[in-house]
>>> print(open('start-v3.cif').read())   # mmCIF, N, CA and C atoms
data_work
#
loop_
_atom_site.label_atom_id
_atom_site.label_comp_id
_atom_site.auth_asym_id
_atom_site.auth_seq_id
_atom_site.Cartn_x
_atom_site.Cartn_y
_atom_site.Cartn_z
N MET O 1 67.22 86.85 65.51
CA MET O 1 67.38 86.20 66.80
C MET O 1 66.11 85.44 67.13
N SER O 2 66.27 84.24 67.53
CA SER O 2 65.15 83.37 67.85
C SER O 2 64.46 83.83 69.14
N SER O 3 63.15 84.00 69.05
CA SER O 3 62.41 84.35 70.26
C SER O 3 62.40 83.16 71.23
N ASP O 4 62.54 81.95 70.69
CA ASP O 4 62.63 80.76 71.53
C ASP O 4 63.84 80.86 72.46
N LEU O 5 64.99 81.28 71.93
CA LEU O 5 66.19 81.44 72.74
C LEU O 5 65.96 82.48 73.83
N LYS O 6 65.40 83.60 73.46
CA LYS O 6 65.12 84.65 74.43
C LYS O 6 64.15 84.17 75.51
N ASP O 7 63.14 83.43 75.10
CA ASP O 7 62.17 82.90 76.07
C ASP O 7 62.82 81.91 77.02
N ARG O 8 63.67 81.03 76.48
CA ARG O 8 64.35 80.05 77.33
C ARG O 8 65.29 80.74 78.31
N LEU O 9 66.00 81.75 77.84
CA LEU O 9 66.90 82.49 78.72
C LEU O 9 66.13 83.25 79.79
N ALA O 10 64.98 83.82 79.41
CA ALA O 10 64.17 84.59 80.35
C ALA O 10 63.54 83.70 81.42
N SER O 11 63.39 82.43 81.14
CA SER O 11 62.76 81.52 82.11
C SER O 11 63.70 81.10 83.24
N ILE O 12 64.97 81.44 83.13
CA ILE O 12 65.97 81.06 84.13
C ILE O 12 66.15 82.19 85.13
N GLN O 13 66.18 81.86 86.38
CA GLN O 13 66.40 82.84 87.45
C GLN O 13 67.91 83.04 87.64
N TRP O 14 68.51 83.79 86.75
CA TRP O 14 69.97 83.94 86.71
C TRP O 14 70.54 84.49 88.01
N HIS O 15 69.79 85.32 88.70
CA HIS O 15 70.28 85.92 89.94
C HIS O 15 70.52 84.88 91.04
N GLU O 16 70.00 83.68 90.87
CA GLU O 16 70.18 82.62 91.86
C GLU O 16 71.52 81.89 91.71
N PHE O 17 72.23 82.16 90.63
CA PHE O 17 73.47 81.45 90.33
C PHE O 17 74.67 82.36 90.59
N THR O 18 75.76 81.74 91.06
CA THR O 18 76.92 82.51 91.46
C THR O 18 78.18 82.08 90.73
N HIS O 19 79.21 82.90 90.91
CA HIS O 19 80.55 82.61 90.41
C HIS O 19 81.53 82.96 91.52
N PRO O 20 82.56 82.15 91.73
CA PRO O 20 83.47 82.39 92.85
C PRO O 20 84.21 83.73 92.79
N CYS O 21 84.30 84.33 91.62
CA CYS O 21 84.98 85.63 91.51
C CYS O 21 83.99 86.80 91.61
N GLY O 22 82.72 86.50 91.85
CA GLY O 22 81.73 87.55 92.06
C GLY O 22 81.14 88.16 90.80
N PHE O 23 81.35 87.55 89.64
CA PHE O 23 80.76 88.08 88.41
C PHE O 23 79.24 88.00 88.49
N ASP O 24 78.56 88.92 87.87
CA ASP O 24 77.10 88.99 87.91
C ASP O 24 76.49 88.06 86.86
N SER O 25 75.81 87.03 87.31
CA SER O 25 75.22 86.05 86.39
C SER O 25 74.09 86.64 85.56
N LYS O 26 73.53 87.76 85.97
CA LYS O 26 72.43 88.37 85.22
C LYS O 26 72.89 88.89 83.86
N GLU O 27 74.21 88.97 83.64
CA GLU O 27 74.69 89.42 82.34
C GLU O 27 74.81 88.27 81.33
N ILE O 28 74.67 87.04 81.81
CA ILE O 28 74.82 85.87 80.93
C ILE O 28 73.79 85.82 79.81
N PRO O 29 72.49 86.06 80.05
CA PRO O 29 71.54 85.96 78.94
C PRO O 29 71.88 86.85 77.74
N SER O 30 72.25 88.09 77.99
CA SER O 30 72.58 88.98 76.86
C SER O 30 73.85 88.50 76.15
N LEU O 31 74.78 87.93 76.91
CA LEU O 31 75.99 87.40 76.29
C LEU O 31 75.68 86.18 75.43
N LEU O 32 74.76 85.34 75.90
CA LEU O 32 74.38 84.17 75.11
C LEU O 32 73.61 84.58 73.84
N ILE O 33 72.84 85.65 73.93
CA ILE O 33 72.18 86.17 72.74
C ILE O 33 73.22 86.67 71.75
N ASP O 34 74.20 87.42 72.25
CA ASP O 34 75.27 87.92 71.38
C ASP O 34 76.11 86.77 70.82
N LEU O 35 76.27 85.71 71.57
CA LEU O 35 77.02 84.55 71.10
C LEU O 35 76.37 83.96 69.85
N ASN O 36 75.09 84.17 69.71
CA ASN O 36 74.34 83.66 68.56
C ASN O 36 74.18 84.69 67.46
N SER O 37 74.90 85.78 67.56
CA SER O 37 74.83 86.85 66.56
C SER O 37 75.36 86.36 65.20
N ASN O 38 74.84 86.96 64.16
CA ASN O 38 75.36 86.68 62.81
C ASN O 38 76.71 87.34 62.59
N SER O 39 77.04 88.28 63.43
CA SER O 39 78.34 88.96 63.35
C SER O 39 79.38 88.16 64.12
N ASN O 40 80.40 87.69 63.41
CA ASN O 40 81.45 86.93 64.08
C ASN O 40 82.14 87.75 65.15
N ALA O 41 82.34 89.03 64.90
CA ALA O 41 83.01 89.90 65.87
C ALA O 41 82.19 90.00 67.16
N VAL O 42 80.89 90.18 67.02
CA VAL O 42 80.01 90.27 68.20
C VAL O 42 80.01 88.95 68.96
N ALA O 43 79.91 87.85 68.23
CA ALA O 43 79.87 86.53 68.86
C ALA O 43 81.18 86.23 69.58
N LEU O 44 82.31 86.56 68.97
CA LEU O 44 83.60 86.32 69.61
C LEU O 44 83.80 87.20 70.84
N GLN O 45 83.34 88.42 70.77
CA GLN O 45 83.43 89.32 71.93
C GLN O 45 82.56 88.78 73.08
N ALA O 46 81.38 88.28 72.75
CA ALA O 46 80.51 87.68 73.77
C ALA O 46 81.17 86.45 74.38
N ALA O 47 81.81 85.64 73.56
CA ALA O 47 82.48 84.44 74.07
C ALA O 47 83.60 84.81 75.03
N SER O 48 84.33 85.83 74.70
CA SER O 48 85.42 86.29 75.56
C SER O 48 84.89 86.75 76.91
N ARG O 49 83.83 87.51 76.89
CA ARG O 49 83.23 87.99 78.15
C ARG O 49 82.62 86.82 78.92
N LEU O 50 81.98 85.89 78.21
CA LEU O 50 81.41 84.71 78.87
C LEU O 50 82.49 83.91 79.59
N TRP O 51 83.65 83.79 78.96
CA TRP O 51 84.76 83.07 79.60
C TRP O 51 85.03 83.67 80.97
N ASN O 52 85.05 85.00 81.05
CA ASN O 52 85.28 85.66 82.33
C ASN O 52 84.15 85.42 83.31
N VAL O 53 82.93 85.54 82.86
CA VAL O 53 81.77 85.49 83.75
C VAL O 53 81.50 84.07 84.27
N VAL O 54 81.82 83.06 83.49
CA VAL O 54 81.49 81.69 83.90
C VAL O 54 82.69 80.77 84.15
N SER O 55 83.88 81.17 83.71
CA SER O 55 85.02 80.25 83.90
C SER O 55 86.34 80.98 84.09
N HIS O 56 86.30 82.15 84.65
CA HIS O 56 87.47 83.00 84.81
C HIS O 56 88.65 82.26 85.45
N GLN O 57 89.72 82.12 84.68
CA GLN O 57 90.95 81.47 85.13
C GLN O 57 90.70 80.13 85.81
N GLY O 58 89.76 79.38 85.27
CA GLY O 58 89.46 78.05 85.79
C GLY O 58 88.53 78.04 86.99
N ASN O 59 88.10 79.22 87.43
CA ASN O 59 87.14 79.31 88.53
C ASN O 59 85.74 79.17 87.96
N VAL O 60 85.05 78.16 88.42
CA VAL O 60 83.72 77.84 87.90
C VAL O 60 82.75 77.79 89.07
N GLY O 61 81.55 78.27 88.86
CA GLY O 61 80.54 78.25 89.91
C GLY O 61 79.21 77.75 89.38
N SER O 62 78.18 77.96 90.16
CA SER O 62 76.87 77.41 89.82
C SER O 62 76.29 78.01 88.54
N ASN O 63 76.76 79.20 88.13
CA ASN O 63 76.22 79.79 86.90
C ASN O 63 76.62 79.00 85.66
N SER O 64 77.53 78.05 85.81
CA SER O 64 77.91 77.18 84.69
C SER O 64 76.79 76.22 84.30
N VAL O 65 75.98 75.83 85.27
CA VAL O 65 74.95 74.82 85.02
C VAL O 65 73.91 75.30 84.00
N PRO O 66 73.29 76.46 84.19
CA PRO O 66 72.32 76.87 83.17
C PRO O 66 72.98 77.37 81.88
N THR O 67 74.26 77.71 81.95
CA THR O 67 74.97 78.23 80.77
C THR O 67 75.40 77.10 79.83
N ALA O 68 75.84 75.99 80.38
CA ALA O 68 76.41 74.90 79.58
C ALA O 68 75.52 74.43 78.43
N PRO O 69 74.23 74.17 78.64
CA PRO O 69 73.42 73.69 77.51
C PRO O 69 73.36 74.68 76.34
N PHE O 70 73.36 75.96 76.64
CA PHE O 70 73.32 76.96 75.57
C PHE O 70 74.65 76.98 74.80
N LEU O 71 75.75 76.78 75.52
CA LEU O 71 77.05 76.72 74.85
C LEU O 71 77.15 75.48 73.97
N ILE O 72 76.71 74.36 74.48
CA ILE O 72 76.75 73.10 73.72
C ILE O 72 75.87 73.21 72.48
N GLU O 73 74.72 73.82 72.64
CA GLU O 73 73.80 74.02 71.51
C GLU O 73 74.45 74.88 70.43
N ARG O 74 75.10 75.95 70.82
CA ARG O 74 75.72 76.88 69.86
C ARG O 74 76.93 76.26 69.18
N LEU O 75 77.59 75.36 69.87
CA LEU O 75 78.79 74.70 69.35
C LEU O 75 78.54 74.05 68.00
N ALA O 76 77.38 73.49 67.81
CA ALA O 76 77.07 72.74 66.59
C ALA O 76 77.09 73.60 65.33
N THR O 77 76.73 74.88 65.45
CA THR O 77 76.61 75.71 64.25
C THR O 77 77.60 76.87 64.21
N ALA O 78 78.44 76.95 65.21
CA ALA O 78 79.39 78.07 65.29
C ALA O 78 80.52 77.91 64.28
N PRO O 79 81.03 79.03 63.77
CA PRO O 79 82.24 78.96 62.94
C PRO O 79 83.43 78.53 63.80
N ALA O 80 84.46 78.02 63.17
CA ALA O 80 85.60 77.45 63.89
C ALA O 80 86.19 78.36 64.98
N PRO O 81 86.44 79.63 64.72
CA PRO O 81 87.02 80.46 65.80
C PRO O 81 86.12 80.54 67.03
N LEU O 82 84.82 80.56 66.82
CA LEU O 82 83.89 80.61 67.93
C LEU O 82 83.81 79.25 68.62
N GLN O 83 83.91 78.17 67.86
CA GLN O 83 83.93 76.84 68.46
C GLN O 83 85.10 76.71 69.43
N VAL O 84 86.24 77.25 69.05
CA VAL O 84 87.41 77.20 69.92
C VAL O 84 87.11 77.88 71.25
N GLU O 85 86.51 79.06 71.19
CA GLU O 85 86.20 79.82 72.41
C GLU O 85 85.18 79.07 73.28
N ILE O 86 84.17 78.51 72.66
CA ILE O 86 83.16 77.76 73.40
C ILE O 86 83.76 76.51 74.03
N LEU O 87 84.58 75.80 73.27
CA LEU O 87 85.22 74.60 73.80
C LEU O 87 86.16 74.94 74.95
N ASP O 88 86.81 76.07 74.90
CA ASP O 88 87.67 76.51 76.00
C ASP O 88 86.84 76.67 77.27
N ILE O 89 85.69 77.31 77.17
CA ILE O 89 84.82 77.47 78.33
C ILE O 89 84.36 76.10 78.84
N LEU O 90 83.94 75.25 77.93
CA LEU O 90 83.46 73.92 78.32
C LEU O 90 84.57 73.08 78.93
N TYR O 91 85.80 73.29 78.48
CA TYR O 91 86.94 72.59 79.09
C TYR O 91 87.12 73.06 80.54
N GLN O 92 86.98 74.35 80.77
CA GLN O 92 87.06 74.85 82.15
C GLN O 92 85.97 74.22 83.01
N PHE O 93 84.79 74.10 82.43
CA PHE O 93 83.68 73.45 83.14
C PHE O 93 84.04 72.00 83.48
N ALA O 94 84.52 71.27 82.48
CA ALA O 94 84.85 69.85 82.68
C ALA O 94 85.92 69.69 83.75
N SER O 95 86.87 70.58 83.77
CA SER O 95 87.95 70.51 84.75
C SER O 95 87.46 70.75 86.18
N ALA O 96 86.32 71.42 86.31
CA ALA O 96 85.78 71.74 87.63
C ALA O 96 84.83 70.68 88.17
N THR O 97 84.64 69.60 87.43
CA THR O 97 83.60 68.63 87.83
C THR O 97 84.14 67.39 88.54
N HIS O 98 85.37 67.44 89.02
CA HIS O 98 85.92 66.28 89.71
C HIS O 98 85.11 65.99 90.98
N PHE O 99 85.19 64.75 91.43
CA PHE O 99 84.36 64.31 92.56
C PHE O 99 84.74 64.96 93.88
N SER O 100 85.92 65.52 94.00
CA SER O 100 86.27 66.20 95.25
C SER O 100 85.49 67.51 95.38
N ASN O 101 84.92 67.96 94.28
CA ASN O 101 84.03 69.13 94.33
C ASN O 101 82.64 68.58 94.66
N THR O 102 82.25 68.74 95.90
CA THR O 102 81.00 68.14 96.37
C THR O 102 79.79 69.07 96.22
N GLU O 103 79.98 70.22 95.62
CA GLU O 103 78.87 71.14 95.40
C GLU O 103 77.85 70.46 94.47
N SER O 104 76.57 70.67 94.73
CA SER O 104 75.54 70.03 93.90
C SER O 104 75.62 70.52 92.46
N TRP O 105 76.01 71.78 92.27
CA TRP O 105 76.11 72.30 90.90
C TRP O 105 77.19 71.55 90.12
N ALA O 106 78.28 71.13 90.78
CA ALA O 106 79.35 70.41 90.08
C ALA O 106 78.84 69.07 89.57
N HIS O 107 78.03 68.41 90.37
CA HIS O 107 77.43 67.14 89.93
C HIS O 107 76.49 67.39 88.74
N GLN O 108 75.65 68.41 88.84
CA GLN O 108 74.71 68.73 87.75
C GLN O 108 75.47 69.05 86.47
N LEU O 109 76.56 69.79 86.60
CA LEU O 109 77.37 70.15 85.43
C LEU O 109 78.02 68.90 84.83
N ARG O 110 78.53 68.02 85.68
CA ARG O 110 79.14 66.78 85.20
C ARG O 110 78.14 65.95 84.41
N VAL O 111 76.90 65.89 84.89
CA VAL O 111 75.85 65.14 84.18
C VAL O 111 75.59 65.76 82.81
N ILE O 112 75.47 67.07 82.75
CA ILE O 112 75.23 67.76 81.46
C ILE O 112 76.36 67.46 80.48
N LEU O 113 77.59 67.59 80.94
CA LEU O 113 78.74 67.36 80.05
C LEU O 113 78.83 65.90 79.64
N ASN O 114 78.64 64.98 80.58
CA ASN O 114 78.69 63.56 80.23
C ASN O 114 77.59 63.18 79.25
N ASP O 115 76.44 63.80 79.36
CA ASP O 115 75.35 63.53 78.43
C ASP O 115 75.67 64.01 77.01
N ASN O 116 76.70 64.83 76.87
CA ASN O 116 77.05 65.40 75.57
C ASN O 116 78.42 64.97 75.07
N VAL O 117 78.97 63.92 75.65
CA VAL O 117 80.30 63.45 75.24
C VAL O 117 80.34 63.17 73.74
N ALA O 118 79.28 62.61 73.18
CA ALA O 118 79.27 62.30 71.74
C ALA O 118 79.45 63.57 70.91
N ARG O 119 78.90 64.67 71.37
CA ARG O 119 79.09 65.94 70.65
C ARG O 119 80.55 66.36 70.65
N PHE O 120 81.23 66.15 71.77
CA PHE O 120 82.63 66.54 71.86
C PHE O 120 83.52 65.62 71.03
N THR O 121 83.20 64.32 71.01
CA THR O 121 84.02 63.39 70.24
C THR O 121 83.90 63.63 68.74
N GLN O 122 82.85 64.29 68.31
CA GLN O 122 82.71 64.63 66.88
C GLN O 122 83.88 65.48 66.40
N PHE O 123 84.49 66.20 67.31
CA PHE O 123 85.56 67.13 66.94
C PHE O 123 86.95 66.51 67.02
N PHE O 124 87.06 65.25 67.39
CA PHE O 124 88.36 64.61 67.52
C PHE O 124 89.12 64.59 66.19
N ASP O 125 88.40 64.58 65.09
CA ASP O 125 89.03 64.53 63.77
C ASP O 125 89.08 65.89 63.10
N SER O 126 88.82 66.94 63.85
CA SER O 126 88.81 68.28 63.27
C SER O 126 90.19 68.63 62.70
N THR O 127 90.19 69.36 61.62
CA THR O 127 91.46 69.83 61.06
C THR O 127 92.00 71.04 61.82
N ASP O 128 91.16 71.65 62.65
CA ASP O 128 91.59 72.75 63.50
C ASP O 128 92.18 72.15 64.78
N GLU O 129 93.48 72.38 65.00
CA GLU O 129 94.16 71.77 66.14
C GLU O 129 93.57 72.20 67.47
N ASP O 130 93.14 73.44 67.59
CA ASP O 130 92.58 73.92 68.85
C ASP O 130 91.24 73.24 69.14
N ILE O 131 90.42 73.10 68.13
CA ILE O 131 89.13 72.42 68.29
C ILE O 131 89.36 70.98 68.70
N GLN O 132 90.26 70.32 67.99
CA GLN O 132 90.57 68.92 68.30
C GLN O 132 91.11 68.80 69.72
N SER O 133 92.04 69.65 70.08
CA SER O 133 92.67 69.58 71.39
C SER O 133 91.68 69.83 72.52
N PHE O 134 90.89 70.90 72.42
CA PHE O 134 89.93 71.20 73.48
C PHE O 134 88.89 70.09 73.63
N SER O 135 88.42 69.56 72.52
CA SER O 135 87.42 68.49 72.61
C SER O 135 88.00 67.25 73.28
N GLU O 136 89.24 66.92 72.95
CA GLU O 136 89.90 65.79 73.59
C GLU O 136 90.13 66.05 75.08
N LEU O 137 90.53 67.27 75.42
CA LEU O 137 90.76 67.62 76.83
C LEU O 137 89.47 67.55 77.65
N ILE O 138 88.37 67.95 77.04
CA ILE O 138 87.08 67.88 77.74
C ILE O 138 86.76 66.44 78.08
N VAL O 139 86.85 65.57 77.09
CA VAL O 139 86.51 64.16 77.31
C VAL O 139 87.49 63.52 78.30
N GLU O 140 88.78 63.84 78.16
CA GLU O 140 89.77 63.30 79.10
C GLU O 140 89.46 63.76 80.53
N SER O 141 89.09 65.01 80.71
CA SER O 141 88.75 65.52 82.04
C SER O 141 87.55 64.81 82.63
N LEU O 142 86.56 64.55 81.79
CA LEU O 142 85.37 63.85 82.26
C LEU O 142 85.69 62.41 82.63
N ILE O 143 86.51 61.75 81.84
CA ILE O 143 86.92 60.38 82.14
C ILE O 143 87.74 60.34 83.42
N GLU O 144 88.67 61.27 83.54
CA GLU O 144 89.50 61.34 84.74
C GLU O 144 88.65 61.55 85.99
N ALA O 145 87.65 62.38 85.89
CA ALA O 145 86.77 62.64 87.03
C ALA O 145 86.03 61.36 87.43
N GLU O 146 85.67 60.55 86.45
CA GLU O 146 84.97 59.29 86.73
C GLU O 146 85.91 58.24 87.31
N LEU O 147 87.16 58.23 86.85
CA LEU O 147 88.10 57.19 87.29
C LEU O 147 88.79 57.50 88.61
N LYS O 148 88.88 58.79 88.94
CA LYS O 148 89.60 59.18 90.15
C LYS O 148 88.69 60.00 91.06
N PRO O 149 87.71 59.36 91.68
CA PRO O 149 86.79 60.10 92.52
C PRO O 149 87.43 60.70 93.77
N ASP O 150 88.62 60.24 94.13
CA ASP O 150 89.27 60.78 95.32
C ASP O 150 90.19 61.95 95.02
N ARG O 151 90.22 62.39 93.82
CA ARG O 151 91.09 63.48 93.36
C ARG O 151 90.87 64.75 94.11
#
>>> encode(input="start-v3.cif", output="structure tokens")
Amino acid sequence: MSSDLKDRLASIQWHEFTHPCGFDSKEIPSLLIDLNSNSNAVALQAASRLWNVVSHQGNVGSNSVPTAPFLIERLATAPAPLQVEILDILYQFASATHFSNTESWAHQLRVILNDNVARFTQFFDSTDEDIQSFSELIVESLIEAELKPDR
């Protein structure tokens, strides 16, 4: 495990971030460490729990903002099953960034995701249908948010 990852996670004041369902954001750093585990089972279990803590049933809160860059970073080297789980979370994030959401965190999250559109489009040609589909849905959600600010 990279001490750089642990240091970056430790530098974030996780207790300052919330989720609309009341999940504890302080559990995110350990889940992100597990997401980077060499064990696929551990990483997939962490992804499943992360989905609940940061995007439970499409409910997204401010804890998505510091989480998103770590998910995007892991996406590049994750095995396909883990990529699917990460893209699912990122799709939930993208869906929550429409302009009718006036929370400052939603704008910050939209900026992070828009800055990484090229990473998502890399997966448009994936042979894994779930990876391809989630990546396309993310980009479509971001485009829709830009085109329909009154949504």
>>> atom_distance(input="start-v3.cif", atom1="atom N of Ser104 of chain O", atom2="atom N of Ser62 of chain O")
8.8 Å
>>> resolve_selection(input="start-v3.cif", expression="the PyMOL selection byres (((chain O and resi 89 and name CA) around 9) and name CA)", output="PyMOL selection string")
chain O and resi 47+50-51+54-56+58+68+71+84-88+90-94
>>> atom_distance(input="start-v3.cif", atom1="atom CA of Glu27 of chain O", atom2="atom CA of Val60 of chain O")
15.7 Å
>>> residues_around(input="start-v3.cif", residues="Asn116 of chain O", least_positions_apart="3", cutoff="12 Å", atoms="only C-alpha atoms", output="number ranges by chain")
O: 68-69, 71-73, 75-76, 90, 94, 109-113, 119-122, 135, 138-139, 142
>>> closest_residue(input="start-v3.cif", among="O:Arg74, O:Arg8, O:His98, O:Arg49", to="Leu31 of chain O", atoms="only C-alpha atoms")
O:Arg49
>>> residues_around(input="start-v3.cif", residues="Phe70 of chain O", least_positions_apart="4", cutoff="10 Å", atoms="only C-alpha atoms", output="PDB file with N, CA and C atoms, in the coordinates of the input")
ATOM      1  N   LEU O   5      64.990  81.280  71.930  1.00  0.00           N
ATOM      2  CA  LEU O   5      66.190  81.440  72.740  1.00  0.00           C
ATOM      3  C   LEU O   5      65.960  82.480  73.830  1.00  0.00           C
ATOM      4  N   ARG O   8      63.670  81.030  76.480  1.00  0.00           N
ATOM      5  CA  ARG O   8      64.350  80.050  77.330  1.00  0.00           C
ATOM      6  C   ARG O   8      65.290  80.740  78.310  1.00  0.00           C
ATOM      7  N   LEU O   9      66.000  81.750  77.840  1.00  0.00           N
ATOM      8  CA  LEU O   9      66.900  82.490  78.720  1.00  0.00           C
ATOM      9  C   LEU O   9      66.130  83.250  79.790  1.00  0.00           C
ATOM     10  N   PRO O  29      72.490  86.060  80.050  1.00  0.00           N
ATOM     11  CA  PRO O  29      71.540  85.960  78.940  1.00  0.00           C
ATOM     12  C   PRO O  29      71.880  86.850  77.740  1.00  0.00           C
ATOM     13  N   LEU O  32      74.760  85.340  75.900  1.00  0.00           N
ATOM     14  CA  LEU O  32      74.380  84.170  75.110  1.00  0.00           C
ATOM     15  C   LEU O  32      73.610  84.580  73.840  1.00  0.00           C
ATOM     16  N   ILE O  33      72.840  85.650  73.930  1.00  0.00           N
ATOM     17  CA  ILE O  33      72.180  86.170  72.740  1.00  0.00           C
ATOM     18  C   ILE O  33      73.220  86.670  71.750  1.00  0.00           C
ATOM     19  N   LEU O  35      76.270  85.710  71.570  1.00  0.00           N
ATOM     20  CA  LEU O  35      77.020  84.550  71.100  1.00  0.00           C
ATOM     21  C   LEU O  35      76.370  83.960  69.850  1.00  0.00           C
ATOM     22  N   ASN O  36      75.090  84.170  69.710  1.00  0.00           N
ATOM     23  CA  ASN O  36      74.340  83.660  68.560  1.00  0.00           C
ATOM     24  C   ASN O  36      74.180  84.690  67.460  1.00  0.00           C
ATOM     25  N   VAL O  65      75.980  75.830  85.270  1.00  0.00           N
ATOM     26  CA  VAL O  65      74.950  74.820  85.020  1.00  0.00           C
ATOM     27  C   VAL O  65      73.910  75.300  84.000  1.00  0.00           C
ATOM     28  N   PRO O  66      73.290  76.460  84.190  1.00  0.00           N
ATOM     29  CA  PRO O  66      72.320  76.870  83.170  1.00  0.00           C
ATOM     30  C   PRO O  66      72.980  77.370  81.880  1.00  0.00           C
ATOM     31  N   ARG O  74      75.100  75.950  70.820  1.00  0.00           N
ATOM     32  CA  ARG O  74      75.720  76.880  69.860  1.00  0.00           C
ATOM     33  C   ARG O  74      76.930  76.260  69.180  1.00  0.00           C
ATOM     34  N   LEU O  75      77.590  75.360  69.870  1.00  0.00           N
ATOM     35  CA  LEU O  75      78.790  74.700  69.350  1.00  0.00           C
ATOM     36  C   LEU O  75      78.540  74.050  68.000  1.00  0.00           C
TER      37      LEU O  75
END
>>> residues_near_point(input="start-v3.cif", point="(76.9, 80.3, 94.8)", cutoff="6.5 Å", atoms="only N, CA and C atoms", output="PyMOL selection string")
chain O and resi 16-19+61-62
>>> axis_aligned_box(input="start-v3.cif", around="segment 128-146 of chain O", padding_each_side="4 Å", output="JSON")
{"center_x": 89.6, "center_y": 66.1, "center_z": 75.0, "size_x": 17.2, "size_y": 23.7, "size_z": 32.8}
>>> resolve_selection(input="start-v3.cif", expression="the PyMOL selection byres (((chain O and resi 44 and name CA) around 9) and name CA)", output="mmCIF file with N, CA and C atoms, in the coordinates of the input")
data_model
loop_
_atom_site.group_PDB
_atom_site.id
_atom_site.type_symbol
_atom_site.label_atom_id
_atom_site.label_comp_id
_atom_site.auth_asym_id
_atom_site.auth_seq_id
_atom_site.Cartn_x
_atom_site.Cartn_y
_atom_site.Cartn_z
ATOM 1 N N ASP O 34 74.200 87.420 72.250
ATOM 2 C CA ASP O 34 75.270 87.920 71.380
ATOM 3 C C ASP O 34 76.110 86.770 70.820
ATOM 4 N N LEU O 35 76.270 85.710 71.570
ATOM 5 C CA LEU O 35 77.020 84.550 71.100
ATOM 6 C C LEU O 35 76.370 83.960 69.850
ATOM 7 N N SER O 39 77.040 88.280 63.430
ATOM 8 C CA SER O 39 78.340 88.960 63.350
ATOM 9 C C SER O 39 79.380 88.160 64.120
ATOM 10 N N ASN O 40 80.400 87.690 63.410
ATOM 11 C CA ASN O 40 81.450 86.930 64.080
ATOM 12 C C ASN O 40 82.140 87.750 65.150
ATOM 13 N N ALA O 41 82.340 89.030 64.900
ATOM 14 C CA ALA O 41 83.010 89.900 65.870
ATOM 15 C C ALA O 41 82.190 90.000 67.160
ATOM 16 N N VAL O 42 80.890 90.180 67.020
ATOM 17 C CA VAL O 42 80.010 90.270 68.200
ATOM 18 C C VAL O 42 80.010 88.950 68.960
ATOM 19 N N ALA O 43 79.910 87.850 68.230
ATOM 20 C CA ALA O 43 79.870 86.530 68.860
ATOM 21 C C ALA O 43 81.180 86.230 69.580
ATOM 22 N N GLN O 45 83.340 88.420 70.770
ATOM 23 C CA GLN O 45 83.430 89.320 71.930
ATOM 24 C C GLN O 45 82.560 88.780 73.080
ATOM 25 N N ALA O 46 81.380 88.280 72.750
ATOM 26 C CA ALA O 46 80.510 87.680 73.770
ATOM 27 C C ALA O 46 81.170 86.450 74.380
ATOM 28 N N ALA O 47 81.810 85.640 73.560
ATOM 29 C CA ALA O 47 82.480 84.440 74.070
ATOM 30 C C ALA O 47 83.600 84.810 75.030
ATOM 31 N N SER O 48 84.330 85.830 74.700
ATOM 32 C CA SER O 48 85.420 86.290 75.560
ATOM 33 C C SER O 48 84.890 86.750 76.910
ATOM 34 N N ARG O 49 83.830 87.510 76.890
ATOM 35 C CA ARG O 49 83.230 87.990 78.150
ATOM 36 C C ARG O 49 82.620 86.820 78.920
ATOM 37 N N PRO O 81 86.440 79.630 64.720
ATOM 38 C CA PRO O 81 87.020 80.460 65.800
ATOM 39 C C PRO O 81 86.120 80.540 67.030
ATOM 40 N N LEU O 82 84.820 80.560 66.820
ATOM 41 C CA LEU O 82 83.890 80.610 67.930
ATOM 42 C C LEU O 82 83.810 79.250 68.620
ATOM 43 N N GLU O 85 86.510 79.060 71.190
ATOM 44 C CA GLU O 85 86.200 79.820 72.410
ATOM 45 C C GLU O 85 85.180 79.070 73.280
#
>>> atom_distance(input="start-v3.cif", atom1="atom C of Asn52 of chain O", atom2="atom C of Gln83 of chain O")
16.4 Å
>>> closest_residue(input="start-v3.cif", among="O:Asn63, O:Ser126, O:Asn101, O:Asn38", to="Ser25 of chain O", atoms="only N, CA and C atoms")
O:Asn63
>>> select_by_dssp(input="start-v3.cif", residues="chain O", states="alpha helix (DSSP H)", output="number ranges by chain")
O: 3-10, 28-35, 40-55, 64-75, 80-95, 104-114, 117-121, 129-147
